[in-house]
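Asker: My structure is stored as data17.cif, with mmCIF, C-alpha atoms.
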data_my_file
#
loop_
_atom_site.label_atom_id
_atom_site.label_comp_id
_atom_site.auth_asym_id
_atom_site.auth_seq_id
_atom_site.Cartn_x
_atom_site.Cartn_y
_atom_site.Cartn_z
CA VAL B 1 93.55 60.72 131.36
CA ARG B 2 95.31 57.41 131.71
CA ALA B 3 94.05 56.08 128.37
CA LEU B 4 95.06 59.26 126.56
CA ARG B 5 98.54 59.27 128.12
CA GLN B 6 99.14 55.68 127.07
CA TRP B 7 98.07 56.48 123.51
CA TYR B 8 100.26 59.60 123.39
CA ARG B 9 103.37 57.69 124.48
CA ARG B 10 102.97 55.39 121.48
CA HIS B 11 101.44 57.64 118.82
CA GLY B 12 102.09 61.26 119.78
CA ARG B 13 104.03 63.71 117.61
CA HIS B 14 107.17 63.67 119.77
CA ASN B 15 109.35 64.93 116.93
CA LEU B 16 107.96 68.47 116.92
CA PRO B 17 110.93 70.71 117.84
CA TRP B 18 108.89 73.20 119.90
CA ARG B 19 107.94 70.36 122.23
CA ALA B 20 111.60 69.74 123.02
CA THR B 21 112.13 73.17 124.58
CA GLN B 22 110.78 75.38 127.34
CA ASN B 23 112.43 78.48 125.89
CA PRO B 24 109.59 81.05 125.94
CA TYR B 25 110.76 82.85 122.80
CA ARG B 26 110.99 79.65 120.74
CA ILE B 27 107.55 78.58 121.93
CA LEU B 28 106.13 82.00 121.08
CA VAL B 29 107.54 81.72 117.55
CA SER B 30 105.99 78.27 117.13
CA GLU B 31 102.60 79.36 118.45
CA VAL B 32 102.45 82.37 116.13
CA MET B 33 103.59 80.29 113.15
CA LEU B 34 101.00 77.60 113.88
CA GLN B 35 98.11 80.06 113.77
CA GLN B 36 96.15 79.07 110.65
CA THR B 37 99.15 77.22 109.18
CA GLN B 38 99.66 73.48 108.87
CA VAL B 39 102.33 71.81 111.00
CA GLU B 40 104.18 70.53 107.92
CA ARG B 41 104.66 74.04 106.57
CA VAL B 42 105.79 75.36 109.95
CA LEU B 43 108.36 72.58 110.28
CA LYS B 44 110.02 73.76 107.06
CA ARG B 45 110.48 77.33 108.34
CA TYR B 46 110.74 77.09 112.14
CA ARG B 47 114.44 76.23 112.52
CA VAL B 48 115.43 78.51 109.63
CA PHE B 49 113.65 81.47 111.23
CA LEU B 50 115.21 80.78 114.64
CA LYS B 51 118.67 80.56 113.11
CA GLN B 52 118.18 84.00 111.60
CA PHE B 53 116.42 85.48 114.65
CA PRO B 54 117.62 83.39 117.64
CA ASN B 55 116.14 85.56 120.40
CA LEU B 56 113.87 88.49 121.19
CA ARG B 57 116.71 91.02 121.10
CA VAL B 58 117.83 90.07 117.58
CA LEU B 59 114.26 89.95 116.33
CA GLY B 60 113.39 93.32 117.84
CA ARG B 61 116.43 95.01 116.27
CA ALA B 62 115.92 93.49 112.82
CA SER B 63 114.17 95.42 110.07
CA LEU B 64 110.60 94.44 109.32
CA ALA B 65 111.67 93.78 105.74
CA ALA B 66 114.20 91.20 106.96
CA VAL B 67 111.59 89.58 109.23
CA LEU B 68 109.09 89.38 106.37
CA ARG B 69 111.71 87.73 104.19
CA GLY B 70 112.39 85.21 106.95
CA TRP B 71 108.65 84.58 107.16
CA GLN B 72 108.36 83.63 103.49
CA GLY B 73 106.23 80.57 102.85
CA LEU B 74 104.08 80.86 105.97
CA GLY B 75 101.44 83.31 104.75
CA TYR B 76 99.39 85.70 106.91
CA ASN B 77 102.33 88.11 106.96
CA ARG B 78 100.77 90.33 109.60
CA ARG B 79 101.75 87.66 112.14
CA ALA B 80 105.41 88.43 111.43
CA LEU B 81 104.74 92.10 112.15
CA TYR B 82 103.07 91.25 115.45
CA LEU B 83 105.94 88.97 116.42
CA LYS B 84 108.47 91.74 115.80
CA ARG B 85 106.33 94.27 117.66
CA ALA B 86 106.11 91.90 120.63
CA ALA B 87 109.92 91.63 120.69
CA GLU B 88 110.18 95.43 120.60
CA ALA B 89 107.68 95.73 123.46
CA CYS B 90 109.73 93.34 125.63
CA ALA B 91 112.84 95.41 124.90
CA ARG B 92 111.06 98.60 125.95
CA GLU B 93 110.13 97.01 129.26
CA GLY B 94 113.85 96.64 129.94
CA THR B 95 113.86 92.90 130.67
CA GLY B 96 114.24 91.63 127.12
CA ARG B 97 112.24 88.59 128.18
CA LEU B 98 108.67 87.48 127.80
CA PRO B 99 106.51 88.17 130.87
CA GLU B 100 105.21 85.27 132.96
CA THR B 101 101.68 86.46 133.75
CA TYR B 102 98.54 86.18 131.67
CA GLU B 103 97.74 89.88 131.96
CA ALA B 104 101.20 90.99 130.83
CA LEU B 105 101.29 88.52 127.94
CA ARG B 106 97.92 89.72 126.65
CA LYS B 107 99.31 93.23 126.35
CA LEU B 108 101.85 92.11 123.76
CA PRO B 109 100.92 92.72 120.10
CA GLY B 110 99.34 89.67 118.50
CA VAL B 111 99.09 87.66 121.74
CA GLY B 112 95.49 86.61 122.27
CA ASP B 113 93.89 84.46 124.94
CA TYR B 114 94.98 81.13 123.49
CA THR B 115 98.59 82.16 122.79
CA ALA B 116 98.96 83.60 126.30
CA ARG B 117 97.63 80.38 127.83
CA ALA B 118 99.87 78.25 125.61
CA LEU B 119 102.95 80.20 126.73
CA LEU B 120 102.01 79.84 130.39
CA SER B 121 101.50 76.11 129.96
CA PHE B 122 104.31 75.12 127.59
CA ALA B 123 107.02 77.66 128.50
CA PHE B 124 106.36 78.38 132.16
CA ALA B 125 104.94 74.98 133.22
CA LYS B 126 101.79 76.45 134.75
CA ARG B 127 98.60 74.44 135.03
CA VAL B 128 96.54 76.45 132.55
CA PRO B 129 93.83 74.72 130.49
CA LEU B 130 93.80 75.28 126.73
CA ALA B 131 90.72 75.22 124.53
CA ASP B 132 91.59 75.28 120.86
CA THR B 133 89.26 73.97 118.15
CA ASN B 134 90.53 70.38 118.41
CA ILE B 135 90.28 70.21 122.19
CA ARG B 136 86.77 71.69 122.27
CA ARG B 137 85.66 69.15 119.70
CA ILE B 138 87.05 66.25 121.76
CA TYR B 139 85.36 67.32 124.99
CA SER B 140 82.08 68.13 123.30
CA ARG B 141 81.88 64.70 121.73
CA LEU B 142 83.29 62.84 124.72
CA PHE B 143 80.94 64.24 127.37
CA PHE B 144 77.89 65.33 125.36
CA GLY B 145 77.94 63.30 122.16
CA LYS B 146 77.56 66.52 120.21
CA ASN B 147 79.57 68.95 118.15
CA PRO B 148 81.04 72.04 119.86
CA SER B 149 78.49 74.46 118.42
CA VAL B 150 75.80 72.82 120.57
CA VAL B 151 77.68 73.09 123.90
CA SER B 152 78.43 76.34 125.71
CA GLU B 153 82.02 77.60 125.90
CA LYS B 154 81.82 77.89 129.69
CA GLU B 155 80.71 74.27 130.08
CA LEU B 156 83.54 73.02 127.90
CA GLU B 157 86.15 75.16 129.68
CA ARG B 158 84.91 73.87 133.04
CA LEU B 159 85.35 70.25 131.93
CA ILE B 160 88.79 70.89 130.44
CA ALA B 161 89.94 72.51 133.70
CA ARG B 162 88.52 69.64 135.80
CA THR B 163 90.26 66.89 133.82
CA LEU B 164 93.63 68.65 133.48
CA PRO B 165 96.08 66.64 135.63
CA ASN B 166 98.23 68.35 138.26
CA LYS B 167 101.38 66.73 136.94
CA GLN B 168 102.58 66.68 133.33
CA ALA B 169 99.76 69.00 132.32
CA ARG B 170 101.52 70.25 129.21
CA GLU B 171 102.15 66.70 127.93
CA PHE B 172 98.46 65.93 128.51
CA GLN B 173 97.46 68.94 126.42
CA TRP B 174 99.87 67.94 123.67
CA ALA B 175 98.14 64.55 123.69
CA LEU B 176 94.74 66.23 123.32
CA MET B 177 96.01 68.30 120.40
CA ASP B 178 97.38 65.21 118.66
CA LEU B 179 94.18 63.25 119.26
CA GLY B 180 92.16 66.07 117.75
CA SER B 181 94.49 66.44 114.79
CA LEU B 182 94.95 62.75 114.00
CA ILE B 183 91.76 61.00 115.14
CA CYS B 184 88.94 63.16 116.54
CA ARG B 185 88.69 65.21 113.37
CA ALA B 186 85.68 66.74 111.61
CA LYS B 187 85.24 63.23 110.19
CA PRO B 188 86.29 61.22 113.27
CA ARG B 189 88.23 57.95 113.13
CA CYS B 190 86.49 56.50 116.17
CA ILE B 191 87.57 52.91 115.57
CA THR B 192 91.18 53.84 116.45
CA CYS B 193 90.38 56.30 119.25
CA PRO B 194 91.76 55.44 122.73
CA LEU B 195 88.73 57.17 124.31
CA ARG B 196 85.99 55.45 122.32
CA LYS B 197 84.84 53.36 125.31
CA HIS B 198 84.21 56.54 127.27
CA CYS B 199 82.87 58.71 124.45
CA LYS B 200 79.16 59.45 124.13
CA ALA B 201 79.54 60.21 120.43
CA ALA B 202 81.42 57.08 119.41
CA PRO B 203 78.46 54.64 119.34
CA LYS B 204 76.58 56.95 116.93
CA VAL B 205 79.53 57.34 114.60
CA LEU B 206 80.49 53.68 114.67
CA ALA B 207 76.90 52.62 114.04
CA HIS B 208 76.53 54.86 111.00
CA GLY B 209 79.97 54.59 109.45
CA SER B 210 81.35 57.93 108.30
CA ARG B 211 78.13 59.83 108.90
CA ALA B 212 78.23 62.70 111.34
CA LEU B 213 77.48 63.09 115.00
CA GLU B 214 73.76 63.73 115.32
CA GLY B 215 73.32 61.94 112.00
CA ARG B 216 75.36 64.06 109.60
CA VAL B 217 78.87 65.39 109.12
CA VAL B 218 79.15 69.07 109.94
CA ARG B 219 80.79 70.73 106.97
CA HIS B 220 82.16 74.24 107.08
CA PRO B 221 82.28 76.22 103.84
CA GLN B 222 85.80 76.45 102.50
CA SER B 223 87.22 79.90 101.92
CA ARG B 224 87.89 80.88 98.31
CA PHE B 225 91.56 81.79 98.44
CA GLU B 226 92.33 81.56 94.72
CA GLY B 227 92.00 85.03 93.24
CA SER B 228 91.05 86.62 96.56
CA ASP B 229 92.34 89.95 97.88
CA ARG B 230 94.32 88.02 100.49
CA GLN B 231 96.06 86.02 97.78
CA ILE B 232 96.97 89.20 95.91
CA ARG B 233 98.38 90.77 99.08
CA GLY B 234 100.46 87.66 99.67
CA LYS B 235 101.79 87.74 96.11
CA LEU B 236 102.68 91.41 96.46
CA VAL B 237 104.68 90.76 99.64
CA ASP B 238 106.45 87.87 97.90
CA ALA B 239 107.25 90.11 94.93
CA LEU B 240 108.64 92.84 97.18
CA ARG B 241 110.77 90.28 99.00
CA LYS B 242 112.49 89.58 95.68
CA LYS B 243 112.40 92.94 93.94
CA LYS B 244 112.87 95.11 97.07
CA SER B 245 110.61 97.79 95.50
CA GLY B 246 108.26 98.46 92.62
CA THR B 247 105.53 100.64 91.17
CA ILE B 248 101.90 99.65 90.76
CA ALA B 249 102.61 98.82 87.10
CA THR B 250 105.64 96.58 87.77
CA LEU B 251 103.99 94.87 90.73
CA SER B 252 100.80 94.31 88.76
CA ARG B 253 102.84 92.51 86.09
CA ALA B 254 104.78 90.52 88.70
CA THR B 255 101.60 89.28 90.42
CA ARG B 256 99.46 89.08 87.25
CA ALA B 257 96.74 91.02 89.04
CA PRO B 258 94.76 93.93 87.55
CA ARG B 259 96.23 97.34 88.34
CA ARG B 260 93.12 98.45 90.19
CA ARG B 261 93.21 95.45 92.53
CA THR B 262 96.99 95.77 92.89
CA ALA B 263 96.61 99.40 93.99
CA SER B 264 93.86 98.46 96.44
CA ALA B 265 95.92 95.60 97.89
CA LEU B 266 98.96 97.85 98.29
CA GLU B 267 96.89 100.39 100.22
CA ALA B 268 95.69 97.60 102.52
CA LEU B 269 99.29 96.51 103.11
CA ILE B 270 100.23 100.10 103.95
CA GLN B 271 97.39 100.19 106.48
CA ASP B 272 98.73 96.93 107.95
CA GLU B 273 102.18 98.56 108.26
CA LEU B 274 103.75 95.90 106.04
CA VAL B 275 104.48 98.17 103.08
CA VAL B 276 105.58 101.80 102.73
CA LYS B 277 105.15 104.16 99.79
CA ARG B 278 107.76 106.70 98.69
CA LYS B 279 106.36 108.84 95.87
CA SER B 280 105.15 106.20 93.41
CA VAL B 281 107.40 103.36 94.63
CA TYR B 282 106.36 100.68 97.12
CA ALA B 283 108.66 98.64 99.39
CA LEU B 284 108.49 96.46 102.48
CA SER B 285 108.48 98.43 105.73
CA LEU B 286 111.88 98.92 107.32
#
I'd like the structure from this file rewritten - as structure tokens, please.

Answerer:
Amino acid sequence: VRALRQWYRRHGRHNLPWRATQNPYRILVSEVMLQQTQVERVLKRYRVFLKQFPNLRVLGRASLAAVLRGWQGLGYNRRALYLKRAAEACAREGTGRLPETYEALRKLPGVGDYTARALLSFAFAKRVPLADTNIRRIYSRLFFGKNPSVVSEKELERLIARTLPNKQAREFQWALMDLGSLICRAKPRCITCPLRKHCKAAPKVLAHGSRALEGRVVRHPQSRFEGSDRQIRGKLVDALRKKKSGTIATLSRATRAPRRRTASALEALIQDELVVKRKSVYALSL
């Protein structure tokens, strides 16, 4: 804990704007944006989105079309829908604020286990351990010398909870996230790691250069985004942001996708509640 804190003071990402606030709404926005999206892309949209939708009340009253336009550039547009639905749910409860218990947070649309825990830790200063991909990788290597797939979830969660300090717990978890993002990566940079003296995996990695823990780098197959249905759906939402509406024919030309796949993607977007159809014309949901 001490070694990690010292490293974080010197090398941590202290410039991230969501780390400079304990406003629950702003932290919720950051957590939803950061799901499956790189920090650099979120930084470009975070302040712009908050300027347009500064609180839960404004977000809940805005049209979904406006929220989707504000979300442009972040991808995974369904997250914007969930964020708006969460704001609406808080308004229905009468408080207009995010709840402060795990159970109540989990009931909000789009708020899973990790997001609920992150809100409790970062917004409400509660000592709640987090276990994202980076943190699990650190603890698995540090205590077992193995990759996370070899160690049980319960064992990792137990260790994370045991080492979480009573004071400044959220700063400690920020430090873990930064260590996992910058150093303890899929291909770890053990030579610069502040925990290498304590880590059971470090001697193996240092002895064999860039080769993996257990003798080989664990590689995960990369998703084929180019030309995928998800890419077409994203292009359709982008086109509707600009054009406001369109038919299958006009949207097919705008996205350069075959009409059959355009029609299929539009139906999927309707099912996701992101798009509505009026006769033969499609538009973003209101």

Asker: In Å, how far is it from CA of Glu100 in chain B to CA of Arg79 in chain B?

Answerer: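 Interatomic distance here is 21.2 Å.
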
Asker: Neighbouring residues of Val150 in chain B were defined as those with any atom within 12 Å, considering only C-alpha atoms; residues of the same chain fewer than 2 positions away were excluded. Please report them as a list in words.

Answerer: Arg136, Arg137, Tyr139, Ser140, Arg141, Phe144, Gly145, Lys146, Asn147, Pro148, Ser152, Glu153, Glu155, Leu156, Leu213, Glu214 and Val218 of chain B

Asker: In terms of the shortest atom-to-atom distance over only C-alpha atoms, which of B:Leu142, B:Ala161, B:Leu74, B:Leu64 is closest to Glu273 in chain B?

Answerer: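 Checking each of B:Leu142, B:Ala161, B:Leu74, B:Leu64 against Glu273 in chain B, counting only C-alpha atoms, the winner is B:Leu64.
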
Asker: Can you tell me, as a short mmCIF file (atom, residue, chain, number, x, y, z; two decimals) with C-alpha atoms, in the coordinates of the input, what residues are no more than 10 Å from Pro129 in chain B when counting all atoms listed in the file, ignoring any on the same chain fewer than 3 positions away?

Answerer:
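Produced file part.cif, reproduced below:
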data_model
loop_
_atom_site.label_atom_id
_atom_site.label_comp_id
_atom_site.auth_asym_id
_atom_site.auth_seq_id
_atom_site.Cartn_x
_atom_site.Cartn_y
_atom_site.Cartn_z
CA TYR B 114 94.98 81.13 123.49
CA ARG B 117 97.63 80.38 127.83
CA ALA B 118 99.87 78.25 125.61
CA LEU B 120 102.01 79.84 130.39
CA SER B 121 101.50 76.11 129.96
CA LYS B 126 101.79 76.45 134.75
CA ASP B 132 91.59 75.28 120.86
CA GLU B 157 86.15 75.16 129.68
CA ARG B 158 84.91 73.87 133.04
CA LEU B 159 85.35 70.25 131.93
CA ILE B 160 88.79 70.89 130.44
CA ALA B 161 89.94 72.51 133.70
CA ARG B 162 88.52 69.64 135.80
CA THR B 163 90.26 66.89 133.82
CA LEU B 164 93.63 68.65 133.48
CA PRO B 165 96.08 66.64 135.63
CA ALA B 169 99.76 69.00 132.32
CA ARG B 170 101.52 70.25 129.21
CA GLN B 173 97.46 68.94 126.42
#

Asker: Taking the file as shown, what set of residues would the PyMOL selection byres ((chain B and resi 268) around 12) give back, as a VMD selection string?

Answerer: chain B and resid 78 229 to 230 232 to 234 236 to 237 261 to 267 269 to 277

Asker: For Gly70 in chain B, which residue among B:Arg92, B:Arg256, B:Pro109, B:Asp238 is the nearest when counting only C-alpha atoms?

Answerer: B:Asp238

Asker: Just to confirm, what's the straight-line distance from CA of Arg196 in chain B to CA of Leu182 in chain B in Å (one decimal)?

Answerer: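 Separation between CA of Arg196 in chain B and CA of Leu182 in chain B: 14.2 Å.
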
Asker: Env of Phe122 in chain B: 9 Å cut, atoms = all atoms listed in the file, seq-sep filter 6 positions within chain, self excluded. Answer as a CSV table (one decimal) with C-alpha atoms, in the frame of the given file.

Answerer:
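To be explicit, this is the file written out as part17.csv:
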chain,number,residue,atom,x,y,z
B,19,ARG,CA,107.9,70.4,122.2
B,21,THR,CA,112.1,73.2,124.6
B,22,GLN,CA,110.8,75.4,127.3
B,23,ASN,CA,112.4,78.5,125.9
B,24,PRO,CA,109.6,81.0,125.9
B,27,ILE,CA,107.6,78.6,121.9
B,169,ALA,CA,99.8,69.0,132.3
B,170,ARG,CA,101.5,70.2,129.2
B,171,GLU,CA,102.2,66.7,127.9

Asker: Given the file above and the PyMOL selection byres ((chain B and resi 239) around 10), which residues are selected, and can you give them as a PDB file with C-alpha atoms, in the frame of the given file?

Answerer:
ATOM      1  CA  ARG B 233      98.380  90.770  99.080  1.00  0.00           C
ATOM      2  CA  GLY B 234     100.460  87.660  99.670  1.00  0.00           C
ATOM      3  CA  LYS B 235     101.790  87.740  96.110  1.00  0.00           C
ATOM      4  CA  LEU B 236     102.680  91.410  96.460  1.00  0.00           C
ATOM      5  CA  VAL B 237     104.680  90.760  99.640  1.00  0.00           C
ATOM      6  CA  ASP B 238     106.450  87.870  97.900  1.00  0.00           C
ATOM      7  CA  LEU B 240     108.640  92.840  97.180  1.00  0.00           C
ATOM      8  CA  ARG B 241     110.770  90.280  99.000  1.00  0.00           C
ATOM      9  CA  LYS B 242     112.490  89.580  95.680  1.00  0.00           C
ATOM     10  CA  LYS B 243     112.400  92.940  93.940  1.00  0.00           C
ATOM     11  CA  LYS B 244     112.870  95.110  97.070  1.00  0.00           C
ATOM     12  CA  SER B 245     110.610  97.790  95.500  1.00  0.00           C
ATOM     13  CA  GLY B 246     108.260  98.460  92.620  1.00  0.00           C
ATOM     14  CA  THR B 250     105.640  96.580  87.770  1.00  0.00           C
ATOM     15  CA  LEU B 251     103.990  94.870  90.730  1.00  0.00           C
ATOM     16  CA  SER B 252     100.800  94.310  88.760  1.00  0.00           C
ATOM     17  CA  ALA B 254     104.780  90.520  88.700  1.00  0.00           C
ATOM     18  CA  THR B 255     101.600  89.280  90.420  1.00  0.00           C
ATOM     19  CA  ALA B 283     108.660  98.640  99.390  1.00  0.00           C
ATOM     20  CA  LEU B 284     108.490  96.460 102.480  1.00  0.00           C
TER      21      LEU B 284
END

Asker: Taking the block just given, write range 242-253 of chain B to a file that holds all heavy atoms, as a PDB file, in the first residue's frame.

Answerer:
ATOM      1  N   LYS B 242     -27.338  13.885 -37.807  1.00  0.00           N
ATOM      2  CA  LYS B 242     -27.160  14.979 -38.765  1.00  0.00           C
ATOM      3  C   LYS B 242     -28.423  15.236 -39.579  1.00  0.00           C
ATOM      4  O   LYS B 242     -28.856  16.375 -39.743  1.00  0.00           O
ATOM      5  CB  LYS B 242     -25.997  14.649 -39.702  1.00  0.00           C
ATOM      6  CG  LYS B 242     -24.660  14.471 -38.999  1.00  0.00           C
ATOM      7  CD  LYS B 242     -23.595  13.972 -39.972  1.00  0.00           C
ATOM      8  CE  LYS B 242     -22.281  13.704 -39.259  1.00  0.00           C
ATOM      9  NZ  LYS B 242     -21.260  13.133 -40.179  1.00  0.00           N
ATOM     10  N   LYS B 243     -29.015  14.163 -40.081  1.00  0.00           N
ATOM     11  CA  LYS B 243     -30.142  14.306 -40.991  1.00  0.00           C
ATOM     12  C   LYS B 243     -31.486  14.436 -40.274  1.00  0.00           C
ATOM     13  O   LYS B 243     -32.486  14.809 -40.878  1.00  0.00           O
ATOM     14  CB  LYS B 243     -30.201  13.083 -41.918  1.00  0.00           C
ATOM     15  CG  LYS B 243     -29.062  13.001 -42.911  1.00  0.00           C
ATOM     16  CD  LYS B 243     -29.175  11.727 -43.743  1.00  0.00           C
ATOM     17  CE  LYS B 243     -28.143  11.706 -44.853  1.00  0.00           C
ATOM     18  NZ  LYS B 243     -28.407  12.715 -45.883  1.00  0.00           N
ATOM     19  N   LYS B 244     -31.548  14.079 -39.007  1.00  0.00           N
ATOM     20  CA  LYS B 244     -32.769  14.078 -38.200  1.00  0.00           C
ATOM     21  C   LYS B 244     -33.706  12.916 -38.558  1.00  0.00           C
ATOM     22  O   LYS B 244     -34.350  12.355 -37.680  1.00  0.00           O
ATOM     23  CB  LYS B 244     -33.531  15.407 -38.317  1.00  0.00           C
ATOM     24  CG  LYS B 244     -32.711  16.631 -37.912  1.00  0.00           C
ATOM     25  CD  LYS B 244     -32.482  16.675 -36.417  1.00  0.00           C
ATOM     26  CE  LYS B 244     -31.693  17.904 -36.009  1.00  0.00           C
ATOM     27  NZ  LYS B 244     -32.478  19.132 -36.083  1.00  0.00           N
ATOM     28  N   SER B 245     -33.789  12.533 -39.845  1.00  0.00           N
ATOM     29  CA  SER B 245     -34.651  11.425 -40.243  1.00  0.00           C
ATOM     30  C   SER B 245     -34.206  10.911 -41.609  1.00  0.00           C
ATOM     31  O   SER B 245     -33.411  11.559 -42.303  1.00  0.00           O
ATOM     32  CB  SER B 245     -36.117  11.861 -40.291  1.00  0.00           C
ATOM     33  OG  SER B 245     -36.312  12.843 -41.292  1.00  0.00           O
ATOM     34  N   GLY B 246     -34.740   9.739 -41.977  1.00  0.00           N
ATOM     35  CA  GLY B 246     -34.393   9.198 -43.284  1.00  0.00           C
ATOM     36  C   GLY B 246     -35.087   7.878 -43.531  1.00  0.00           C
ATOM     37  O   GLY B 246     -35.566   7.221 -42.605  1.00  0.00           O
ATOM     38  N   THR B 247     -35.157   7.482 -44.774  1.00  0.00           N
ATOM     39  CA  THR B 247     -35.705   6.185 -45.162  1.00  0.00           C
ATOM     40  C   THR B 247     -34.567   5.173 -45.223  1.00  0.00           C
ATOM     41  O   THR B 247     -33.379   5.533 -45.122  1.00  0.00           O
ATOM     42  CB  THR B 247     -36.379   6.273 -46.525  1.00  0.00           C
ATOM     43  OG1 THR B 247     -35.379   6.612 -47.501  1.00  0.00           O
ATOM     44  CG2 THR B 247     -37.483   7.328 -46.529  1.00  0.00           C
ATOM     45  N   ILE B 248     -34.928   3.918 -45.434  1.00  0.00           N
ATOM     46  CA  ILE B 248     -33.896   2.891 -45.569  1.00  0.00           C
ATOM     47  C   ILE B 248     -32.968   3.226 -46.733  1.00  0.00           C
ATOM     48  O   ILE B 248     -31.746   3.105 -46.631  1.00  0.00           O
ATOM     49  CB  ILE B 248     -34.538   1.502 -45.764  1.00  0.00           C
ATOM     50  CG1 ILE B 248     -35.211   1.047 -44.469  1.00  0.00           C
ATOM     51  CG2 ILE B 248     -33.487   0.476 -46.199  1.00  0.00           C
ATOM     52  CD1 ILE B 248     -35.935  -0.283 -44.584  1.00  0.00           C
ATOM     53  N   ALA B 249     -33.551   3.712 -47.836  1.00  0.00           N
ATOM     54  CA  ALA B 249     -32.745   4.024 -49.024  1.00  0.00           C
ATOM     55  C   ALA B 249     -31.759   5.156 -48.753  1.00  0.00           C
ATOM     56  O   ALA B 249     -30.565   5.051 -49.057  1.00  0.00           O
ATOM     57  CB  ALA B 249     -33.668   4.386 -50.192  1.00  0.00           C
ATOM     58  N   THR B 250     -32.233   6.250 -48.151  1.00  0.00           N
ATOM     59  CA  THR B 250     -31.336   7.394 -47.907  1.00  0.00           C
ATOM     60  C   THR B 250     -30.290   7.057 -46.853  1.00  0.00           C
ATOM     61  O   THR B 250     -29.141   7.483 -46.961  1.00  0.00           O
ATOM     62  CB  THR B 250     -32.141   8.628 -47.472  1.00  0.00           C
ATOM     63  OG1 THR B 250     -32.875   8.319 -46.266  1.00  0.00           O
ATOM     64  CG2 THR B 250     -33.113   9.063 -48.552  1.00  0.00           C
ATOM     65  N   LEU B 251     -30.679   6.294 -45.849  1.00  0.00           N
ATOM     66  CA  LEU B 251     -29.733   5.929 -44.793  1.00  0.00           C
ATOM     67  C   LEU B 251     -28.718   4.903 -45.290  1.00  0.00           C
ATOM     68  O   LEU B 251     -27.564   4.910 -44.862  1.00  0.00           O
ATOM     69  CB  LEU B 251     -30.486   5.397 -43.574  1.00  0.00           C
ATOM     70  CG  LEU B 251     -31.314   6.441 -42.818  1.00  0.00           C
ATOM     71  CD1 LEU B 251     -32.212   5.783 -41.785  1.00  0.00           C
ATOM     72  CD2 LEU B 251     -30.410   7.477 -42.148  1.00  0.00           C
ATOM     73  N   SER B 252     -29.146   4.042 -46.199  1.00  0.00           N
ATOM     74  CA  SER B 252     -28.223   3.086 -46.792  1.00  0.00           C
ATOM     75  C   SER B 252     -27.145   3.815 -47.594  1.00  0.00           C
ATOM     76  O   SER B 252     -25.957   3.478 -47.520  1.00  0.00           O
ATOM     77  CB  SER B 252     -28.992   2.115 -47.700  1.00  0.00           C
ATOM     78  OG  SER B 252     -28.098   1.236 -48.344  1.00  0.00           O
ATOM     79  N   ARG B 253     -27.545   4.848 -48.322  1.00  0.00           N
ATOM     80  CA  ARG B 253     -26.560   5.645 -49.080  1.00  0.00           C
ATOM     81  C   ARG B 253     -25.647   6.417 -48.127  1.00  0.00           C
ATOM     82  O   ARG B 253     -24.440   6.517 -48.371  1.00  0.00           O
ATOM     83  CB  ARG B 253     -27.276   6.607 -50.029  1.00  0.00           C
ATOM     84  CG  ARG B 253     -27.933   5.922 -51.226  1.00  0.00           C
ATOM     85  CD  ARG B 253     -28.305   6.944 -52.303  1.00  0.00           C
ATOM     86  NE  ARG B 253     -29.348   7.866 -51.825  1.00  0.00           N
ATOM     87  CZ  ARG B 253     -30.636   7.654 -51.949  1.00  0.00           C
ATOM     88  NH1 ARG B 253     -31.082   6.531 -52.512  1.00  0.00           N
ATOM     89  NH2 ARG B 253     -31.526   8.543 -51.521  1.00  0.00           N
TER      90      ARG B 253
END
